[in-house]
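Novice: The file below is entry34.cif, mmCIF, C-alpha atoms:
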```
data_final
loop_
_atom_site.label_atom_id
_atom_site.label_comp_id
_atom_site.auth_asym_id
_atom_site.auth_seq_id
_atom_site.Cartn_x
_atom_site.Cartn_y
_atom_site.Cartn_z
CA MET A 87 17.59 -6.63 11.37
CA PRO A 88 14.38 -8.53 10.68
CA ASP A 89 11.85 -7.09 8.27
CA GLU A 90 9.44 -4.69 9.98
CA VAL A 91 5.83 -5.90 9.96
CA LEU A 92 3.11 -3.25 9.91
CA THR A 93 -0.54 -3.26 10.94
CA ILE A 94 -3.42 -1.95 8.84
CA LYS A 95 -3.49 1.14 11.08
CA GLU A 96 0.22 1.83 10.51
CA VAL A 97 -0.08 1.35 6.74
CA ALA A 98 -3.13 3.62 6.64
CA ALA A 99 -1.12 6.34 8.40
CA LEU A 100 1.83 5.92 6.01
CA LEU A 101 -0.38 6.05 2.92
CA LYS A 102 -2.65 8.74 4.39
CA LEU A 103 -5.73 6.59 3.77
CA ALA A 104 -8.61 5.43 5.93
CA GLU A 105 -8.08 2.10 7.70
CA LYS A 106 -11.18 0.73 5.94
CA THR A 107 -9.61 1.53 2.58
CA VAL A 108 -6.37 -0.28 3.41
CA TYR A 109 -8.33 -3.24 4.79
CA ALA A 110 -10.36 -3.45 1.58
CA MET A 111 -7.18 -3.21 -0.52
CA ALA A 112 -5.59 -6.03 1.48
CA ALA A 113 -8.68 -8.23 1.20
CA ALA A 114 -8.83 -7.62 -2.56
CA GLY A 115 -5.14 -8.44 -3.01
CA GLU A 116 -4.34 -4.90 -4.16
CA ILE A 117 -1.50 -4.50 -1.66
CA PRO A 118 1.01 -7.13 -0.51
CA ALA A 119 -0.57 -8.26 2.76
CA PHE A 120 -0.95 -11.49 4.70
CA LYS A 121 -3.07 -12.66 7.60
CA ILE A 122 -1.94 -13.92 10.99
CA ARG A 123 -4.83 -15.42 12.95
CA GLY A 124 -7.31 -13.27 11.06
CA GLN A 125 -5.37 -10.00 11.35
CA TRP A 126 -3.78 -8.35 8.31
CA ARG A 127 -0.07 -7.55 8.32
CA ILE A 128 2.20 -5.98 5.70
CA LYS A 129 5.99 -6.21 5.49
CA ARG A 130 7.52 -2.75 5.24
CA THR A 131 9.95 -3.81 2.49
CA GLU A 132 7.11 -5.26 0.40
CA LEU A 133 5.00 -2.13 0.92
CA ASP A 134 7.92 0.08 -0.17
CA ARG A 135 8.45 -2.10 -3.27
CA TRP A 136 4.72 -1.95 -4.06
CA MET A 137 4.67 1.85 -3.71
CA ASP A 138 7.68 2.18 -6.03
CA ALA A 139 5.91 0.07 -8.66
CA GLN A 140 2.75 2.21 -8.69
CA PRO A 141 2.16 4.43 -11.74
CA ARG A 142 2.96 8.09 -11.23
CA GLY A 143 0.77 11.07 -12.12
CA GLY A 144 1.51 13.29 -15.10
CA ASP A 145 0.81 10.59 -17.66
CA SER A 146 -0.37 12.27 -20.85
CA GLY A 147 -3.79 10.92 -21.60
CA GLY A 148 -4.36 13.20 -24.57
CA ASP A 149 -6.04 15.85 -22.44
CA ASP A 150 -3.02 18.14 -22.28
CA ASP A 151 -3.16 21.27 -24.41
CA ASP A 152 0.38 21.87 -25.57
CA GLY A 153 -0.60 24.75 -27.84
CA ARG A 154 -0.29 22.89 -31.13
#
```
Re-express the file's structure as structure tokens.

Specialist:
Amino acid sequence: MPDEVLTIKEVAALLKLAEKTVYAMAAAGEIPAFKIRGQWRIKRTELDRWMDAQPRGGDSGGDDDDGR
């Protein structure tokens, strides 16, 4: 099966972000996107890989009070 190609609107819905935010991220190279005749597209497999590579919350930045 060929790789699914998503629109900005579809990616925004998946990431629960505004379309403008996803557009800006694509234009800035922050997400793996490409243009076809001026319209942004994102491969689903590349988006999934990108999401997996993002840092997770819970990183101890020294703010945690562990009682010591």

Novice: For the atom pair CA of Arg127 in chain A and CA of Val91 in chain A, what is the interatomic distance in Å to one decimal place?

Specialist: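 Going from CA of Arg127 in chain A over to CA of Val91 in chain A covers 6.3 Å.
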
Novice: Between CA of Glu90 in chain A and CA of Thr131 in chain A, what is the distance in Å, rounded to a tenth?

Specialist: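 Going from CA of Glu90 in chain A over to CA of Thr131 in chain A, I get 7.6 Å.
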
Novice: Evaluating the PyMOL selection byres ((chain A and resi 132) around 10) on the displayed file yields which residues, as an MDAnalysis selection string?

Specialist: chainID A and resid 89:91 117:119 128:131 133:138

Novice: Save the residues we just selected, C-alpha atoms, as a PDB file, in the frame of the given file?

Specialist:
```pdb
ATOM      1  CA  ASP A  89      11.850  -7.090   8.270  1.00  0.00           C
ATOM      2  CA  GLU A  90       9.440  -4.690   9.980  1.00  0.00           C
ATOM      3  CA  VAL A  91       5.830  -5.900   9.960  1.00  0.00           C
ATOM      4  CA  ILE A 117      -1.500  -4.500  -1.660  1.00  0.00           C
ATOM      5  CA  PRO A 118       1.010  -7.130  -0.510  1.00  0.00           C
ATOM      6  CA  ALA A 119      -0.570  -8.260   2.760  1.00  0.00           C
ATOM      7  CA  ILE A 128       2.200  -5.980   5.700  1.00  0.00           C
ATOM      8  CA  LYS A 129       5.990  -6.210   5.490  1.00  0.00           C
ATOM      9  CA  ARG A 130       7.520  -2.750   5.240  1.00  0.00           C
ATOM     10  CA  THR A 131       9.950  -3.810   2.490  1.00  0.00           C
ATOM     11  CA  LEU A 133       5.000  -2.130   0.920  1.00  0.00           C
ATOM     12  CA  ASP A 134       7.920   0.080  -0.170  1.00  0.00           C
ATOM     13  CA  ARG A 135       8.450  -2.100  -3.270  1.00  0.00           C
ATOM     14  CA  TRP A 136       4.720  -1.950  -4.060  1.00  0.00           C
ATOM     15  CA  MET A 137       4.670   1.850  -3.710  1.00  0.00           C
ATOM     16  CA  ASP A 138       7.680   2.180  -6.030  1.00  0.00           C
TER      17      ASP A 138
END
```

Novice: Suppose a student applies the PyMOL selection byres ((chain A and resi 94-97) around 7) to this structure; what residues should they get, written as a PyMOL selection string?

Specialist: chain A and resi 92-93+98-101+105+108-109+126-127

Novice: Keeping C-alpha atoms for every residue in the selection just given, could you write it to a file as a CSV table (one decimal), in the coordinates of the input?

Specialist:
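As a result, out17.csv now contains:
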```csv
chain,number,residue,atom,x,y,z
A,92,LEU,CA,3.1,-3.2,9.9
A,93,THR,CA,-0.5,-3.3,10.9
A,98,ALA,CA,-3.1,3.6,6.6
A,99,ALA,CA,-1.1,6.3,8.4
A,100,LEU,CA,1.8,5.9,6.0
A,101,LEU,CA,-0.4,6.0,2.9
A,105,GLU,CA,-8.1,2.1,7.7
A,108,VAL,CA,-6.4,-0.3,3.4
A,109,TYR,CA,-8.3,-3.2,4.8
A,126,TRP,CA,-3.8,-8.4,8.3
A,127,ARG,CA,-0.1,-7.6,8.3
```

Novice: Using Å and a single decimal, report how far CA of Glu116 in chain A sits from CA of Pro141 in chain A.

Specialist: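 Result for CA of Pro141 in chain A versus CA of Glu116 in chain A: 13.7 Å, one decimal.
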